$ cat input07.cif   # mmCIF, C-alpha atoms and all ligand atoms
data_coords
#
loop_
_atom_site.group_PDB
_atom_site.id
_atom_site.type_symbol
_atom_site.label_atom_id
_atom_site.label_comp_id
_atom_site.auth_asym_id
_atom_site.auth_seq_id
_atom_site.Cartn_x
_atom_site.Cartn_y
_atom_site.Cartn_z
ATOM 1 C CA MET J 1 0.000 0.000 0.000
ATOM 2 C CA THR J 2 1.128 3.547 -0.581
ATOM 3 C CA ALA J 3 1.922 5.782 2.365
ATOM 4 C CA GLU J 4 -0.427 8.528 1.303
ATOM 5 C CA GLY J 5 -1.956 9.242 4.675
ATOM 6 C CA THR J 6 -5.136 11.150 4.015
ATOM 7 C CA THR J 7 -6.415 10.460 0.526
ATOM 8 C CA ALA J 8 -9.607 12.503 0.500
ATOM 9 C CA PRO J 9 -10.297 13.678 -3.039
ATOM 10 C CA ASP J 10 -9.501 17.320 -3.548
ATOM 11 C CA ALA J 11 -12.263 19.875 -3.732
ATOM 12 C CA THR J 12 -12.131 20.318 -7.507
ATOM 13 C CA GLY J 13 -12.637 16.611 -8.172
ATOM 14 C CA ASP J 14 -9.471 16.659 -10.272
ATOM 15 C CA ALA J 15 -7.341 13.582 -10.187
ATOM 16 C CA SER J 16 -3.909 14.140 -11.627
ATOM 17 C CA PRO J 17 -2.469 11.087 -13.397
ATOM 18 C CA GLU J 18 0.259 10.636 -10.789
ATOM 19 C CA SER J 19 -2.298 10.488 -7.958
ATOM 20 C CA ASP J 20 -4.306 7.770 -9.713
ATOM 21 C CA ASP J 21 -5.185 4.934 -7.421
ATOM 22 C CA ILE J 22 -7.125 2.429 -9.473
ATOM 23 C CA ILE J 23 -9.698 0.553 -7.406
ATOM 24 C CA ILE J 24 -11.324 -1.368 -10.270
ATOM 25 C CA SER J 25 -9.685 -2.429 -13.490
ATOM 26 C CA ILE J 26 -11.605 -4.266 -16.188
ATOM 27 C CA GLN J 27 -9.562 -5.610 -19.081
ATOM 28 C CA ASP J 28 -11.053 -7.087 -22.262
ATOM 29 C CA VAL J 29 -14.091 -8.386 -20.402
ATOM 30 C CA SER J 30 -16.887 -10.203 -22.172
ATOM 31 C CA ARG J 31 -19.964 -11.820 -20.673
ATOM 32 C CA ARG J 32 -21.675 -14.119 -23.119
ATOM 33 C CA TYR J 33 -24.997 -15.891 -22.953
ATOM 34 C CA GLY J 34 -24.763 -18.327 -25.849
ATOM 35 C CA ASP J 35 -24.365 -16.146 -28.942
ATOM 36 C CA LEU J 36 -25.339 -12.959 -27.145
ATOM 37 C CA ALA J 37 -22.562 -10.804 -25.702
ATOM 38 C CA ALA J 38 -24.111 -8.819 -22.827
ATOM 39 C CA LEU J 39 -20.624 -7.300 -22.470
ATOM 40 C CA ASP J 40 -18.348 -7.378 -25.470
ATOM 41 C CA ASP J 41 -14.637 -6.786 -24.891
ATOM 42 C CA VAL J 42 -14.986 -3.973 -22.367
ATOM 43 C CA SER J 43 -11.946 -2.309 -20.807
ATOM 44 C CA LEU J 44 -12.162 0.468 -18.245
ATOM 45 C CA SER J 45 -10.759 1.487 -14.923
ATOM 46 C CA ILE J 46 -12.176 3.403 -11.999
ATOM 47 C CA ARG J 47 -10.150 5.440 -9.542
ATOM 48 C CA ARG J 48 -10.584 5.223 -5.800
ATOM 49 C CA GLY J 49 -13.032 7.879 -4.684
ATOM 50 C CA GLU J 50 -14.322 8.468 -8.196
ATOM 51 C CA TRP J 51 -18.054 8.809 -8.927
ATOM 52 C CA VAL J 52 -18.742 7.127 -12.241
ATOM 53 C CA SER J 53 -22.109 7.163 -13.970
ATOM 54 C CA ILE J 54 -22.937 4.242 -16.254
ATOM 55 C CA VAL J 55 -25.359 5.261 -18.980
ATOM 56 C CA GLY J 56 -26.844 3.546 -22.019
ATOM 57 C CA PRO J 57 -30.025 2.177 -23.546
ATOM 58 C CA SER J 58 -31.889 -0.760 -22.090
ATOM 59 C CA GLY J 59 -30.064 -3.994 -22.864
ATOM 60 C CA SER J 60 -26.681 -2.300 -23.360
ATOM 61 C CA GLY J 61 -25.034 -4.283 -20.543
ATOM 62 C CA LYS J 62 -25.203 -1.872 -17.624
ATOM 63 C CA SER J 63 -26.557 -4.355 -15.093
ATOM 64 C CA THR J 64 -24.241 -7.068 -16.348
ATOM 65 C CA LEU J 65 -21.282 -4.762 -15.713
ATOM 66 C CA MET J 66 -22.588 -3.911 -12.239
ATOM 67 C CA ASN J 67 -23.134 -7.578 -11.435
ATOM 68 C CA ILE J 68 -19.539 -8.390 -12.376
ATOM 69 C CA ILE J 69 -18.075 -5.501 -10.362
ATOM 70 C CA GLY J 70 -20.436 -6.383 -7.487
ATOM 71 C CA CYS J 71 -19.231 -10.000 -7.358
ATOM 72 C CA MET J 72 -22.659 -11.347 -8.336
ATOM 73 C CA ASP J 73 -21.530 -12.671 -11.717
ATOM 74 C CA SER J 74 -18.288 -13.576 -13.459
ATOM 75 C CA PRO J 75 -17.095 -12.722 -16.958
ATOM 76 C CA THR J 76 -16.747 -15.424 -19.607
ATOM 77 C CA GLU J 77 -13.516 -13.736 -20.749
ATOM 78 C CA GLY J 78 -11.189 -11.070 -19.474
ATOM 79 C CA ILE J 79 -9.677 -9.800 -16.267
ATOM 80 C CA VAL J 80 -11.455 -8.018 -13.411
ATOM 81 C CA LEU J 81 -9.273 -6.548 -10.679
ATOM 82 C CA LEU J 82 -10.736 -5.097 -7.505
ATOM 83 C CA GLU J 83 -8.064 -3.548 -5.299
ATOM 84 C CA GLY J 84 -5.601 -5.775 -7.123
ATOM 85 C CA ASP J 85 -7.523 -9.017 -6.569
ATOM 86 C CA ARG J 86 -8.586 -11.068 -9.585
ATOM 87 C CA LEU J 87 -12.374 -11.375 -9.310
ATOM 88 C CA ASP J 88 -12.518 -13.319 -12.570
ATOM 89 C CA LYS J 89 -10.525 -16.120 -10.943
ATOM 90 C CA MET J 90 -12.700 -16.359 -7.842
ATOM 91 C CA GLY J 91 -15.393 -18.896 -7.085
ATOM 92 C CA GLU J 92 -18.620 -18.130 -5.258
ATOM 93 C CA PRO J 93 -17.332 -18.318 -1.656
ATOM 94 C CA GLU J 94 -14.482 -15.907 -2.360
ATOM 95 C CA LEU J 95 -16.741 -13.590 -4.343
ATOM 96 C CA ALA J 96 -19.243 -13.620 -1.475
ATOM 97 C CA ALA J 97 -16.506 -12.545 0.922
ATOM 98 C CA VAL J 98 -15.448 -9.627 -1.295
ATOM 99 C CA ARG J 99 -19.096 -8.640 -1.713
ATOM 100 C CA ARG J 100 -19.634 -8.703 2.050
ATOM 101 C CA ASN J 101 -16.500 -6.764 2.885
ATOM 102 C CA LYS J 102 -16.196 -4.175 0.157
ATOM 103 C CA ILE J 103 -19.453 -3.608 -1.683
ATOM 104 C CA GLY J 104 -22.663 -1.773 -0.824
ATOM 105 C CA LEU J 105 -25.589 -2.345 -3.172
ATOM 106 C CA VAL J 106 -28.551 -0.089 -3.904
ATOM 107 C CA PHE J 107 -31.195 -1.258 -6.381
ATOM 108 C CA GLN J 108 -34.093 0.359 -8.186
ATOM 109 C CA GLN J 109 -36.441 -2.233 -6.712
ATOM 110 C CA PHE J 110 -35.752 -1.775 -3.060
ATOM 111 C CA HIS J 111 -35.731 -5.455 -2.029
ATOM 112 C CA LEU J 112 -36.816 -4.715 1.520
ATOM 113 C CA VAL J 113 -38.283 -7.556 3.558
ATOM 114 C CA GLN J 114 -41.928 -6.529 3.829
ATOM 115 C CA HIS J 115 -42.669 -7.928 7.297
ATOM 116 C CA LEU J 116 -39.619 -6.294 8.892
ATOM 117 C CA ASN J 117 -39.563 -2.625 9.856
ATOM 118 C CA ALA J 118 -36.874 -0.189 8.697
ATOM 119 C CA VAL J 119 -34.350 -0.824 11.445
ATOM 120 C CA GLU J 120 -34.941 -4.588 11.277
ATOM 121 C CA ASN J 121 -34.218 -4.501 7.551
ATOM 122 C CA VAL J 122 -30.905 -2.787 8.274
ATOM 123 C CA GLU J 123 -30.208 -5.264 11.078
ATOM 124 C CA LEU J 124 -30.855 -8.133 8.705
ATOM 125 C CA ALA J 125 -28.026 -6.809 6.543
ATOM 126 C CA GLN J 126 -25.838 -6.556 9.644
ATOM 127 C CA TYR J 127 -26.657 -10.160 10.468
ATOM 128 C CA TYR J 128 -25.591 -11.156 6.956
ATOM 129 C CA HIS J 129 -22.327 -9.280 7.541
ATOM 130 C CA SER J 130 -22.002 -10.754 11.076
ATOM 131 C CA LEU J 131 -22.051 -7.208 12.448
ATOM 132 C CA PRO J 132 -25.271 -7.072 14.509
ATOM 133 C CA ASP J 133 -25.487 -3.770 16.358
ATOM 134 C CA GLU J 134 -28.852 -2.050 16.752
ATOM 135 C CA ASN J 135 -27.327 1.310 17.651
ATOM 136 C CA GLU J 136 -25.274 1.305 14.510
ATOM 137 C CA ALA J 137 -28.343 0.333 12.474
ATOM 138 C CA LEU J 138 -30.225 3.284 13.978
ATOM 139 C CA GLU J 139 -27.252 5.532 13.309
ATOM 140 C CA ALA J 140 -27.181 4.464 9.653
ATOM 141 C CA LEU J 141 -30.894 5.286 9.402
ATOM 142 C CA ALA J 142 -30.258 8.636 11.076
ATOM 143 C CA ARG J 143 -27.592 9.446 8.478
ATOM 144 C CA VAL J 144 -30.208 9.176 5.736
ATOM 145 C CA GLY J 145 -32.784 11.108 7.754
ATOM 146 C CA MET J 146 -34.858 8.052 8.663
ATOM 147 C CA ALA J 147 -34.403 7.840 12.441
ATOM 148 C CA GLU J 148 -38.018 8.840 13.084
ATOM 149 C CA ARG J 149 -39.303 6.115 10.754
ATOM 150 C CA ALA J 150 -37.138 3.307 12.121
ATOM 151 C CA THR J 151 -40.048 1.209 13.359
ATOM 152 C CA HIS J 152 -42.197 1.597 10.251
ATOM 153 C CA LEU J 153 -42.818 -1.275 7.860
ATOM 154 C CA PRO J 154 -41.866 -0.781 4.196
ATOM 155 C CA ARG J 155 -45.538 -0.434 3.182
ATOM 156 C CA GLU J 156 -45.842 2.467 5.616
ATOM 157 C CA LEU J 157 -42.968 4.296 3.888
ATOM 158 C CA SER J 158 -42.914 6.260 0.644
ATOM 159 C CA GLY J 159 -40.717 5.055 -2.201
ATOM 160 C CA GLY J 160 -38.129 7.662 -1.342
ATOM 161 C CA GLU J 161 -38.104 6.633 2.303
ATOM 162 C CA GLN J 162 -37.746 2.985 1.355
ATOM 163 C CA GLN J 163 -34.799 3.832 -0.869
ATOM 164 C CA ARG J 164 -33.196 5.734 2.011
ATOM 165 C CA VAL J 165 -33.538 2.591 4.161
ATOM 166 C CA CYS J 166 -31.807 0.718 1.340
ATOM 167 C CA VAL J 167 -28.967 3.240 1.316
ATOM 168 C CA ALA J 168 -28.621 2.841 5.107
ATOM 169 C CA ARG J 169 -28.568 -0.925 4.594
ATOM 170 C CA ALA J 170 -25.854 -0.592 1.940
ATOM 171 C CA LEU J 171 -23.665 1.401 4.349
ATOM 172 C CA ILE J 172 -23.684 -1.158 7.120
ATOM 173 C CA ASN J 173 -20.395 -2.835 6.153
ATOM 174 C CA HIS J 174 -18.658 0.529 5.551
ATOM 175 C CA PRO J 175 -18.123 -0.375 1.894
ATOM 176 C CA ASP J 176 -15.297 1.083 -0.186
ATOM 177 C CA ILE J 177 -17.584 0.916 -3.202
ATOM 178 C CA ILE J 178 -21.267 1.716 -3.560
ATOM 179 C CA LEU J 179 -22.932 0.187 -6.610
ATOM 180 C CA ALA J 180 -26.313 1.629 -7.400
ATOM 181 C CA ASP J 181 -28.451 0.340 -10.299
ATOM 182 C CA GLU J 182 -31.077 2.983 -11.148
ATOM 183 C CA PRO J 183 -31.262 4.137 -7.510
ATOM 184 C CA THR J 184 -33.598 7.011 -8.358
ATOM 185 C CA GLY J 185 -35.635 5.161 -10.990
ATOM 186 C CA ASN J 186 -38.681 4.862 -8.738
ATOM 187 C CA LEU J 187 -38.331 8.149 -6.885
ATOM 188 C CA ASP J 188 -40.037 11.502 -7.202
ATOM 189 C CA GLU J 189 -37.871 14.576 -7.655
ATOM 190 C CA ALA J 190 -37.686 15.503 -3.957
ATOM 191 C CA ASN J 191 -36.517 12.043 -2.910
ATOM 192 C CA GLU J 192 -34.169 11.813 -5.862
ATOM 193 C CA LYS J 193 -32.503 14.957 -4.563
ATOM 194 C CA ILE J 194 -32.220 13.508 -1.047
ATOM 195 C CA VAL J 195 -30.561 10.336 -2.323
ATOM 196 C CA ILE J 196 -28.237 12.200 -4.702
ATOM 197 C CA ASP J 197 -27.268 14.711 -2.011
ATOM 198 C CA PHE J 198 -26.372 11.800 0.240
ATOM 199 C CA PHE J 199 -24.301 10.242 -2.542
ATOM 200 C CA HIS J 200 -22.413 13.550 -2.652
ATOM 201 C CA THR J 201 -21.787 13.251 1.096
ATOM 202 C CA LEU J 202 -20.393 9.739 0.555
ATOM 203 C CA HIS J 203 -18.344 10.947 -2.419
ATOM 204 C CA ASP J 204 -16.920 13.800 -0.348
ATOM 205 C CA ALA J 205 -15.925 11.230 2.283
ATOM 206 C CA GLY J 206 -13.971 9.242 -0.315
ATOM 207 C CA THR J 207 -16.378 6.428 -1.181
ATOM 208 C CA THR J 208 -16.183 5.148 -4.742
ATOM 209 C CA LEU J 209 -19.616 5.385 -6.391
ATOM 210 C CA ILE J 210 -20.743 3.580 -9.516
ATOM 211 C CA VAL J 211 -24.243 4.595 -10.491
ATOM 212 C CA VAL J 212 -26.319 3.251 -13.373
ATOM 213 C CA THR J 213 -28.929 5.770 -14.430
ATOM 214 C CA HIS J 214 -31.230 6.755 -17.290
ATOM 215 C CA ASP J 215 -31.551 10.233 -15.844
ATOM 216 C CA ALA J 216 -29.225 12.749 -17.543
ATOM 217 C CA GLU J 217 -29.245 15.019 -14.515
ATOM 218 C CA VAL J 218 -28.285 12.185 -12.167
ATOM 219 C CA ALA J 219 -25.623 11.015 -14.625
ATOM 220 C CA ALA J 220 -24.123 14.506 -14.754
ATOM 221 C CA GLN J 221 -23.481 14.409 -10.994
ATOM 222 C CA GLY J 222 -20.650 11.936 -11.539
ATOM 223 C CA ASP J 223 -17.032 12.822 -12.217
ATOM 224 C CA ARG J 224 -17.282 10.810 -15.412
ATOM 225 C CA GLN J 225 -19.966 9.157 -17.532
ATOM 226 C CA ILE J 226 -19.326 5.874 -19.314
ATOM 227 C CA ILE J 227 -21.811 5.278 -22.126
ATOM 228 C CA LEU J 228 -22.483 1.645 -23.027
ATOM 229 C CA GLU J 229 -24.050 0.542 -26.295
ATOM 230 C CA HIS J 230 -24.495 -3.067 -27.386
ATOM 231 C CA GLY J 231 -22.247 -4.301 -24.594
ATOM 232 C CA ARG J 232 -19.369 -2.001 -25.516
ATOM 233 C CA VAL J 233 -18.057 1.322 -24.228
ATOM 234 C CA ALA J 234 -19.355 3.722 -26.883
ATOM 235 C CA ARG J 235 -17.813 6.844 -25.348
ATOM 236 C CA GLU J 236 -17.053 8.683 -22.141
ATOM 237 C CA ILE J 237 -17.922 12.146 -20.909
ATOM 238 C CA GLY J 238 -15.751 13.877 -18.317
ATOM 239 C CA GLY J 239 -12.675 12.234 -16.888
ATOM 240 C CA SER J 240 -9.316 13.566 -15.863
ATOM 241 C CA GLU J 241 -8.880 16.218 -18.577
ATOM 242 C CA ASP J 242 -12.185 17.997 -18.107
ATOM 243 C CA SER J 243 -13.607 16.667 -14.869
ATOM 244 C CA HIS J 244 -13.775 20.176 -13.432
ATOM 245 C CA THR J 245 -16.228 21.088 -16.174
ATOM 246 C CA THR J 246 -18.530 18.262 -15.125
ATOM 247 C CA LYS J 247 -21.742 19.616 -13.687
ATOM 248 C CA LYS J 248 -21.730 19.474 -9.906
ATOM 249 C CA ARG J 249 -24.306 20.530 -7.404
ATOM 250 C CA PRO J 250 -23.663 23.945 -5.839
ATOM 251 C CA ALA J 251 -20.926 23.721 -3.248
ATOM 252 C CA LYS J 252 -22.185 23.314 0.279
ATOM 253 C CA ALA J 253 -20.843 22.051 3.549
ATOM 254 C CA ALA J 254 -20.620 18.258 3.628
ATOM 255 C CA GLU J 255 -23.325 17.097 5.956
ATOM 256 C CA GLU J 256 -23.117 14.067 8.139
ATOM 257 C CA THR J 257 -26.859 13.578 8.069
ATOM 258 C CA ILE J 258 -29.931 14.435 6.082
ATOM 259 C CA SER J 259 -32.503 16.466 7.950
ATOM 260 C CA GLU J 260 -36.063 15.162 7.714
HETATM 261 N N1 LIG T 301 -29.165 -14.139 -17.399
HETATM 262 C C1 LIG T 301 -29.238 -13.776 -18.671
HETATM 263 N N2 LIG T 301 -29.473 -14.675 -19.643
HETATM 264 C C2 LIG T 301 -29.523 -14.319 -20.945
HETATM 265 N N3 LIG T 301 -29.370 -13.060 -21.389
HETATM 266 C C3 LIG T 301 -29.145 -12.098 -20.470
HETATM 267 C C4 LIG T 301 -29.072 -12.396 -19.074
HETATM 268 N N4 LIG T 301 -28.829 -11.240 -18.402
HETATM 269 C C5 LIG T 301 -28.772 -10.274 -19.327
HETATM 270 N N5 LIG T 301 -28.956 -10.794 -20.565
HETATM 271 C C6 LIG T 301 -28.947 -10.028 -21.828
HETATM 272 O O1 LIG T 301 -27.768 -9.263 -21.876
HETATM 273 C C7 LIG T 301 -28.023 -7.983 -22.432
HETATM 274 C C8 LIG T 301 -27.593 -6.914 -21.420
HETATM 275 O O2 LIG T 301 -28.463 -6.980 -20.290
HETATM 276 P P1 LIG T 301 -28.346 -5.986 -19.076
HETATM 277 O O3 LIG T 301 -26.951 -5.986 -18.602
HETATM 278 O O4 LIG T 301 -29.393 -6.358 -18.106
HETATM 279 O O5 LIG T 301 -28.679 -4.586 -19.780
HETATM 280 P P2 LIG T 301 -29.119 -3.191 -19.127
HETATM 281 O O6 LIG T 301 -28.938 -3.279 -17.655
HETATM 282 O O7 LIG T 301 -28.233 -2.200 -19.792
HETATM 283 O O8 LIG T 301 -30.547 -2.994 -19.515
HETATM 284 C C9 LIG T 301 -29.501 -7.953 -22.767
HETATM 285 O O9 LIG T 301 -29.649 -8.277 -24.131
HETATM 286 C C10 LIG T 301 -30.082 -9.028 -21.895
HETATM 287 O O10 LIG T 301 -31.233 -9.567 -22.459
HETATM 288 MG MG MG T 302 -30.308 -3.013 -16.075
#

$ encode --input "input07.cif" --output "structure tokens" --more "lines below"
Ligand SMILES: Nc1ncnc2c1ncn2[C@@H]1O[C@H](COP(=O)(O)OP(=O)(O)O)[C@@H](O)[C@H]1O
Ligand SMILES: [Mg+2]
Amino acid sequence: MTAEGTTAPDATGDASPESDDIIISIQDVSRRYGDLAALDDVSLSIRRGEWVSIVGPSGSGKSTLMNIIGCMDSPTEGIVLLEGDRLDKMGEPELAAVRRNKIGLVFQQFHLVQHLNAVENVELAQYYHSLPDENEALEALARVGMAERATHLPRELSGGEQQRVCVARALINHPDIILADEPTGNLDEANEKIVIDFFHTLHDAGTTLIVVTHDAEVAAQGDRQIILEHGRVAREIGGSEDSHTTKKRPAKAAEETISE
């Protein structure tokens, strides 16, 4: 490991080439289903602390890419490195361990257990991670402005509130990487803003964010946009040369919590 000490990204979002610390490297990756290549010879890398938006039409391979980075699927060809470890060589038990230790997942469909209340849903994730701690579960809910709703069942929560529970759940293992597949797809504008603002808080704290979205405004929040078409990287917007021209929300103090 490098002796960098504090590695918080600088305020401009610039990453000079010499400060590059690649957290994910994908080299010539394909994922085939019979004759269909869901991913077709994709190469890309993602820097630690970077916020990357993955954009592209339906069927272009976005979820397949997320599943491979999130240790839920393996490529049929190519190399996938996560913090230097070869995911493409790992079997399910090893992948499960990486997933547990390093990845936080947020989905469009919230996947909350309907008969458990908000804090119990977060605790279930803790149980899965062998980290049961009710106070920490409540704290995670408080960070997303859901402390007051902790004992409500999913059906008693709005879509936006349910997604905030999901974000709290994704934070429980203190992941290096948050993978979010259409996290605002089912949200109204107000809740979309709450979730995106919280992603900015995580980004400011150094978390690597990879966000699949159809929403141009959400995509523009990232440091870089990778556009997939037909399982290939069609183009990129942003990146090291012009990342400071990427649209960002107005500067504001990084908040630890979201007020309700
Ligand atoms: N389990 C699977 N079996 C067969 N084909 C699949 C499977 N998963 C995805 N695909 C196909 O791979 C392509 C990419 O899918 P996906 O990654 O889900 O796209 P996106 O998320 O961009 O909509 C699509 O043509 C899809 O039908
Ligand atoms: Mg998808």

$ residues_near_ligand --input "input07.cif" --ligand "ligand LIG 301 (chain T)" --cutoff "6 Å" --atoms "all atoms listed in the file" --output "ChimeraX atom specification"
/J:33,38,58-64

$ residues_around --input "input07.cif" --residues "Met66 of chain J" --least-positions-apart "4" --cutoff "12 Å" --atoms "only C-alpha atoms" --output "PyMOL selection string"
chain J and resi 24+26+31+38-39+52-55+60-62+70-75+80+103-107+177-182+209-213

$ residues_near_point --input "input07.cif" --point "(-25.1, 11.5, -4.8)" --cutoff "10 Å" --atoms "all atoms listed in the file" --output "JSON, numbers by chain"
{"J": [51, 183, 192, 193, 194, 195, 196, 197, 198, 199, 200, 201, 202, 203, 204, 209, 211, 218, 219, 221, 222, 249]}

$ write_last_selection --input "input07.cif" --atoms "C-alpha atoms" --output "PDB file, keeping the file's coordinate frame"
ATOM      1  CA  TRP J  51     -18.054   8.809  -8.927  1.00  0.00           C
ATOM      2  CA  PRO J 183     -31.262   4.137  -7.510  1.00  0.00           C
ATOM      3  CA  GLU J 192     -34.169  11.813  -5.862  1.00  0.00           C
ATOM      4  CA  LYS J 193     -32.503  14.957  -4.563  1.00  0.00           C
ATOM      5  CA  ILE J 194     -32.220  13.508  -1.047  1.00  0.00           C
ATOM      6  CA  VAL J 195     -30.561  10.336  -2.323  1.00  0.00           C
ATOM      7  CA  ILE J 196     -28.237  12.200  -4.702  1.00  0.00           C
ATOM      8  CA  ASP J 197     -27.268  14.711  -2.011  1.00  0.00           C
ATOM      9  CA  PHE J 198     -26.372  11.800   0.240  1.00  0.00           C
ATOM     10  CA  PHE J 199     -24.301  10.242  -2.542  1.00  0.00           C
ATOM     11  CA  HIS J 200     -22.413  13.550  -2.652  1.00  0.00           C
ATOM     12  CA  THR J 201     -21.787  13.251   1.096  1.00  0.00           C
ATOM     13  CA  LEU J 202     -20.393   9.739   0.555  1.00  0.00           C
ATOM     14  CA  HIS J 203     -18.344  10.947  -2.419  1.00  0.00           C
ATOM     15  CA  ASP J 204     -16.920  13.800  -0.348  1.00  0.00           C
ATOM     16  CA  LEU J 209     -19.616   5.385  -6.391  1.00  0.00           C
ATOM     17  CA  VAL J 211     -24.243   4.595 -10.491  1.00  0.00           C
ATOM     18  CA  VAL J 218     -28.285  12.185 -12.167  1.00  0.00           C
ATOM     19  CA  ALA J 219     -25.623  11.015 -14.625  1.00  0.00           C
ATOM     20  CA  GLN J 221     -23.481  14.409 -10.994  1.00  0.00           C
ATOM     21  CA  GLY J 222     -20.650  11.936 -11.539  1.00  0.00           C
ATOM     22  CA  ARG J 249     -24.306  20.530  -7.404  1.00  0.00           C
TER      23      ARG J 249
END

$ atom_distance --input "input07.cif" --atom1 "atom CA of Lys89 of chain J" --atom2 "atom CA of Leu36 of chain J"
22.2 Å

$ residues_around --input "input07.cif" --residues "Glu156 of chain J" --least-positions-apart "4" --cutoff "10 Å" --atoms "only C-alpha atoms" --output "PyMOL selection string"
chain J and resi 114+117-118+149+151-152+161-162

$ atom_distance --input "input07.cif" --atom1 "atom CA of Asn101 of chain J" --atom2 "atom CA of Pro175 of chain J"
6.7 Å

$ closest_residue --input "input07.cif" --among "J:Arg100, J:Pro57, J:Ser25, J:Leu153" --to "Asp85 of chain J" --atoms "only C-alpha atoms"
J:Ser25

$ residues_around --input "input07.cif" --residues "Ile22 of chain J" --least-positions-apart "2" --cutoff "6 Å" --atoms "only C-alpha atoms" --output "PDB file with C-alpha atoms, in the coordinates of the input"
ATOM      1  CA  ILE J  24     -11.324  -1.368 -10.270  1.00  0.00           C
ATOM      2  CA  ILE J  46     -12.176   3.403 -11.999  1.00  0.00           C
ATOM      3  CA  ARG J  47     -10.150   5.440  -9.542  1.00  0.00           C
ATOM      4  CA  ARG J  48     -10.584   5.223  -5.800  1.00  0.00           C
TER       5      ARG J  48
END
